[in-house]
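Okay, run-v7.txt is below, compact mmCIF, C-alpha atoms:
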```txt
# COMPACT_ATOMS: atom_id res chain seq x y z
CA ASP A 23 16.91 -3.39 -0.87
CA GLN A 24 16.52 -0.75 -3.58
CA PHE A 25 12.74 -0.44 -3.62
CA LEU A 26 12.00 0.30 0.05
CA PRO A 27 14.19 3.41 0.26
CA LEU A 28 12.25 4.79 -2.71
CA VAL A 29 8.96 4.13 -0.92
CA GLU A 30 10.29 5.94 2.15
CA GLN A 31 11.07 8.99 -0.01
CA VAL A 32 7.52 9.34 -1.34
CA ARG A 33 6.32 12.78 -0.32
CA ILE A 34 2.71 12.72 0.78
CA GLY A 35 0.73 15.91 1.12
CA TYR A 36 -1.44 18.49 -0.53
CA PRO A 37 -1.19 17.73 -4.27
CA LEU A 38 -0.46 21.32 -5.32
CA GLU A 39 2.59 21.66 -3.06
CA PRO A 40 6.00 21.19 -4.72
CA ASP A 41 7.47 17.69 -4.89
CA VAL A 42 4.33 15.98 -3.56
CA LEU A 43 3.85 12.63 -5.26
CA MET A 44 0.78 11.38 -3.45
CA GLY A 45 -2.24 13.27 -2.18
CA PRO A 46 -5.10 12.12 0.04
CA LEU A 47 -7.51 9.27 -0.58
CA ILE A 48 -11.05 10.24 -1.51
CA SER A 49 -12.84 9.43 1.75
CA HIS A 50 -12.68 7.93 5.23
CA ASP A 51 -14.22 4.76 3.77
CA SER A 52 -11.30 4.49 1.33
CA VAL A 53 -8.82 4.62 4.21
CA ALA A 54 -10.81 1.96 6.09
CA LYS A 55 -10.86 -0.24 2.97
CA LEU A 56 -7.09 0.15 2.60
CA GLN A 57 -6.55 -0.89 6.22
CA LYS A 58 -8.83 -3.89 5.68
CA TYR A 59 -6.74 -5.05 2.72
CA VAL A 60 -3.47 -4.58 4.61
CA LYS A 61 -4.76 -7.06 7.22
CA LEU A 62 -6.19 -9.31 4.51
CA ALA A 63 -2.78 -9.51 2.80
CA GLU A 64 -1.27 -11.08 5.92
CA GLU A 65 -4.22 -13.43 6.35
CA GLU A 66 -3.81 -14.58 2.75
CA GLY A 67 -0.11 -15.38 3.03
CA PHE A 68 1.72 -12.15 2.25
CA GLU A 69 4.48 -10.85 4.49
CA THR A 70 4.16 -7.19 5.47
CA ILE A 71 7.46 -5.49 4.69
CA ARG A 72 6.24 -1.96 5.36
CA PRO A 73 2.92 -1.42 7.07
CA GLY A 74 1.01 1.58 5.84
CA LYS A 75 -0.84 3.75 8.27
CA ALA A 76 -3.66 6.24 8.09
CA THR A 77 -3.25 9.83 9.18
CA GLY A 78 -5.94 12.49 9.06
CA LEU A 79 -3.61 15.46 8.83
CA TRP A 80 -0.52 16.04 6.73
CA GLY A 81 1.10 19.37 7.30
CA LYS A 82 -1.52 22.13 7.37
CA ARG A 83 -4.03 20.29 5.18
CA HIS A 84 -6.74 18.03 6.53
CA GLY A 85 -7.63 15.00 4.44
CA TYR A 86 -7.70 11.24 4.23
CA TYR A 87 -3.99 10.55 3.94
CA ALA A 88 -2.28 7.16 4.22
CA THR A 89 1.33 6.08 3.93
CA PRO A 90 2.21 3.32 1.45
CA SER A 91 2.27 -0.31 2.51
CA VAL A 92 4.44 -2.99 0.90
CA HIS A 93 3.74 -6.72 1.00
CA LEU A 94 5.87 -9.62 -0.18
CA CYS A 95 4.81 -12.91 -1.73
CA GLU A 96 7.86 -15.16 -1.96
CA ARG A 97 6.04 -18.10 -3.56
CA PRO A 98 3.23 -16.85 -5.80
CA GLU A 99 2.56 -20.35 -7.11
CA LYS A 100 1.67 -21.41 -3.55
CA ASN A 101 -0.35 -18.31 -2.71
CA HIS A 102 -4.06 -18.86 -3.07
CA SER A 103 -5.26 -15.48 -1.90
CA ILE A 104 -8.80 -14.79 -2.90
CA HIS A 105 -9.25 -11.07 -2.44
CA TYR A 106 -5.94 -9.29 -1.86
CA ARG A 107 -4.51 -10.33 -5.23
CA LYS A 108 -7.69 -9.88 -7.22
CA ASP A 109 -9.54 -6.85 -5.84
CA GLU A 110 -8.70 -3.25 -6.72
CA ILE A 111 -7.71 -1.46 -3.54
CA PHE A 112 -7.41 2.15 -4.79
CA GLY A 113 -4.83 3.11 -2.20
CA PRO A 114 -1.07 3.30 -1.66
CA ASN A 115 -0.28 -0.40 -1.55
CA VAL A 116 2.32 -2.51 -3.37
CA ALA A 117 2.48 -6.28 -3.66
CA VAL A 118 5.92 -7.62 -4.58
CA TYR A 119 6.11 -11.10 -6.10
CA LEU A 120 9.40 -12.99 -6.24
CA LEU A 121 9.67 -15.10 -9.39
CA LYS A 122 12.29 -17.57 -10.53
CA ASP A 123 11.89 -16.59 -14.16
CA GLU A 124 9.50 -14.92 -16.56
```

Before we go any further, please render this structure as structure tokens.
Amino acid sequence: DQFLPLVEQVRIGYPLEPDVLMGPLISHDSVAKLQKYVKLAEEEGFETIRPGKATGLWGKRHGYYATPSVHLCERPEKNHSIHYRKDEIFGPNVAVYLLKDE
């Protein structure tokens, strides 16, 4: 309840503009890889709480921009994902794990 509003407030844009937290990804391939992992998260048992999306233009600046995605894993001990949990995605993506204790 507290985390998602913060994600929604993330300002995406040209990195030198005021209050921008997140700039573009490095390439079209990076955006495609991010989208692949968003789908893979669902296939491997994560619930999509906020789907990220790609956009090629943010304001006046062209680039490889993407909005953050958030995925939930309610039972990490039961989740046997192979790639989503283990690979580095290098994009705006958050996996939230609910744990009973430390």

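Here the question is which of A:Gly113, A:Gly67, A:Gly74, A:Gly85 gets nearest to A:Val29 using all atoms listed in the file, and that residue is A:Gly74.
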
Subject >> 7 Å contact set for A:Arg33, only C-alpha atoms, chain neighbours under 2 positions out, as a ChimeraX atom specification >> reply: /A:31,35,41-44

**OP:** Name the residues in contact with A:Tyr86 at a cut-off of 7 Å, using all atoms listed in the file, excluding same-chain residues fewer than 5 positions from it; report them as a PyMOL selection string.
**Re:** chain A and resi 46-50+53+77-78

Output C-alpha atoms for every residue in the selection just made, as a compact mmCIF listing (two decimals), in the frame of the given file.
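The resulting file, selection.txt, is shown below:
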```
# COMPACT_ATOMS: atom_id res chain seq x y z
CA PRO A 46 -5.10 12.12 0.04
CA LEU A 47 -7.51 9.27 -0.58
CA ILE A 48 -11.05 10.24 -1.51
CA SER A 49 -12.84 9.43 1.75
CA HIS A 50 -12.68 7.93 5.23
CA VAL A 53 -8.82 4.62 4.21
CA THR A 77 -3.25 9.83 9.18
CA GLY A 78 -5.94 12.49 9.06
```

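Atom CA of A:Leu26 is found 23.5 Å from atom CA of A:Glu39.
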
As JSON: centre and edge lengths in Å, one decimal, of the axis-aligned box holding stretch 50-55 of chain A with 5 Å per side:
```
{"center_x": -11.5, "center_y": 3.8, "center_z": 3.7, "size_x": 15.4, "size_y": 18.2, "size_z": 14.8}
```

**OP:** Please identify all polymer residues within 10 Å of A:Glu30, counting all atoms listed in the file, omitting same-chain residues fewer than 5 positions from it, and present them as a ChimeraX atom specification.
**Re:** /A:25,72,89-90

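Put simply, atom CA of A:Val92 is 22.1 Å away from atom CA of A:Pro37.
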
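Taking atom CA of A:Ser91 as the reference point, atom CA of A:Ala117 is found at 8.6 Å.
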
Subject >> Nearby residues (only C-alpha atoms) at most 8 Å from A:Tyr119, same-chain spacing under 6 positions excluded, as JSON, numbers by chain >> reply: {"A": [94, 95, 96, 97, 98]}

With C-alpha atoms retained, write the just-selected residues as an mmCIF file, in the frame of the given file.
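Contents of out.cif, freshly written:
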```cif
data_model
loop_
_atom_site.group_PDB
_atom_site.id
_atom_site.type_symbol
_atom_site.label_atom_id
_atom_site.label_comp_id
_atom_site.auth_asym_id
_atom_site.auth_seq_id
_atom_site.Cartn_x
_atom_site.Cartn_y
_atom_site.Cartn_z
ATOM 1 C CA LEU A 94 5.870 -9.620 -0.180
ATOM 2 C CA CYS A 95 4.810 -12.910 -1.730
ATOM 3 C CA GLU A 96 7.860 -15.160 -1.960
ATOM 4 C CA ARG A 97 6.040 -18.100 -3.560
ATOM 5 C CA PRO A 98 3.230 -16.850 -5.800
#
```
